[in-house]
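Visitor: Below is the file my_file16.tsv, which contains TSV, C-alpha atoms.
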chain	number	residue	atom	x	y	z
V	198	MET	CA	436.77	148.62	267.22
V	199	VAL	CA	434.86	145.94	269.10
V	200	ALA	CA	431.56	144.70	267.71
V	201	LYS	CA	428.48	145.33	269.79
V	202	GLU	CA	426.83	142.28	271.35
V	203	THR	CA	423.76	141.15	269.44
V	204	PRO	CA	420.39	140.98	271.22
V	205	ALA	CA	420.23	137.23	270.62
V	206	ARG	CA	423.65	136.72	272.22
V	207	ARG	CA	422.68	138.92	275.16
V	208	LYS	CA	419.49	136.90	275.69
V	209	PHE	CA	421.48	133.67	275.50
V	210	LEU	CA	423.95	134.88	278.15
V	211	ILE	CA	421.14	136.04	280.45
V	212	ARG	CA	419.39	132.66	280.19
V	213	LYS	CA	422.69	130.87	280.81
V	214	LYS	CA	423.30	132.93	283.96
V	215	GLN	CA	419.74	132.33	285.20
V	216	LYS	CA	420.10	128.59	284.63
V	217	ARG	CA	423.44	128.56	286.49
V	218	ARG	CA	421.93	130.40	289.47
V	219	LYS	CA	418.95	128.05	289.56
V	220	LYS	CA	421.22	125.01	289.44
V	221	ILE	CA	423.46	126.34	292.22
V	222	LYS	CA	420.42	127.09	294.38
V	223	LYS	CA	419.19	123.53	293.87
V	224	LEU	CA	422.61	122.06	294.69
V	225	LYS	CA	422.89	124.27	297.79
V	226	GLU	CA	419.58	122.90	299.10
V	227	LYS	CA	420.72	119.37	298.27
V	228	TYR	CA	423.98	120.01	300.18
V	229	LEU	CA	422.12	121.11	303.29
V	230	LYS	CA	419.97	117.96	303.17
V	231	ALA	CA	422.93	115.62	302.52
V	232	LYS	CA	423.84	113.28	305.35
V	233	THR	CA	427.27	111.84	304.51
V	234	LYS	CA	430.53	113.65	303.98
V	235	GLU	CA	431.00	111.95	300.58
V	236	GLU	CA	427.66	113.28	299.35
V	237	LYS	CA	428.55	116.80	300.46
V	238	GLU	CA	431.97	116.68	298.77
V	239	LYS	CA	430.39	115.46	295.53
V	240	ILE	CA	427.87	118.32	295.57
V	241	ILE	CA	430.61	120.91	296.21
V	242	GLU	CA	432.58	119.48	293.26
V	243	LYS	CA	429.50	119.93	291.04
V	244	ILE	CA	429.03	123.53	292.20
V	245	LEU	CA	432.67	124.32	291.44
V	246	ARG	CA	432.34	122.72	288.00
V	247	ILE	CA	429.37	124.98	287.23
V	248	ALA	CA	430.83	128.14	288.79
V	249	PRO	CA	434.59	127.84	289.52
V	250	HIS	CA	434.76	131.10	291.51
V	251	TYR	CA	431.71	130.43	293.67
V	252	PRO	CA	432.34	131.19	297.39
V	253	ILE	CA	432.03	127.72	298.94
V	254	GLU	CA	432.59	129.18	302.43
V	255	GLU	CA	429.09	130.67	302.15
V	256	ILE	CA	427.55	127.19	301.90
V	257	LEU	CA	429.75	125.83	304.67
V	258	LYS	CA	428.59	128.65	306.98
V	259	LEU	CA	424.96	127.80	306.20
V	260	ASP	CA	425.68	124.17	307.06
V	261	GLU	CA	427.31	125.14	310.37
V	262	SER	CA	424.43	127.41	311.37
V	263	LYS	CA	421.98	124.58	310.60
V	264	LYS	CA	423.55	122.31	313.22
Give the structure from the file, written as structure tokens.

Guide:
Amino acid sequence: MVAKETPARRKFLIRKKQKRRKKIKKLKEKYLKAKTKEEKEKIIEKILRIAPHYPIEEILKLDESKK
């Protein structure tokens, strides 16, 4: 039988997820403002470090529509 998740653990996981989303949002905005290709690649690396399964194509589409 699997133990039920404690309320403290649940709260911790929710906060962690919120922080991750906030960070990705910030990095996405930074990516759209970035000028050089090196800057953009560095930002994408950071996003993938935070959330390995994040759909990078979504950000690339935003960048294309901006131009």

Visitor: Would you mind telling me which residue in V:Thr233, V:Lys258, V:Ile221, V:Lys227 lies nearest to Leu245 of chain V when using only C-alpha atoms?

Guide: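 Distance minimum relative to Leu245 of chain V lands on V:Ile221.
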
Visitor: Rank nothing, just name the residue among V:Lys220, V:Ser262, V:Arg207, V:Lys234 nearest to Ala248 of chain V, using only C-alpha atoms.

Guide: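 Of the candidates, the smallest distance to Ala248 of chain V is held by V:Lys220.
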
Visitor: List the spatial neighbours of Ile240 of chain V as a VMD selection string - criterion: any atom at most 12 Å away, all atoms listed in the file, same-chain residues fewer than 5 positions off excluded.

Guide: chain V and resid 220 to 235 245 to 247 253 256 to 257

Visitor: Figure out the distance between atom CA of Glu255 of chain V and atom CA of Lys216 of chain V, please, to one decimal in Å.

Guide: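 Between these atoms lies a distance of 19.8 Å.
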
Visitor: Between atom CA of Lys201 of chain V and atom CA of Tyr251 of chain V, what is the distance in Å, rounded to a tenth?

Guide: 28.3 Å

Visitor: Figure out the distance between atom CA of Phe209 of chain V and atom CA of Ile241 of chain V, please, to one decimal in Å.

Guide: 26.0 Å
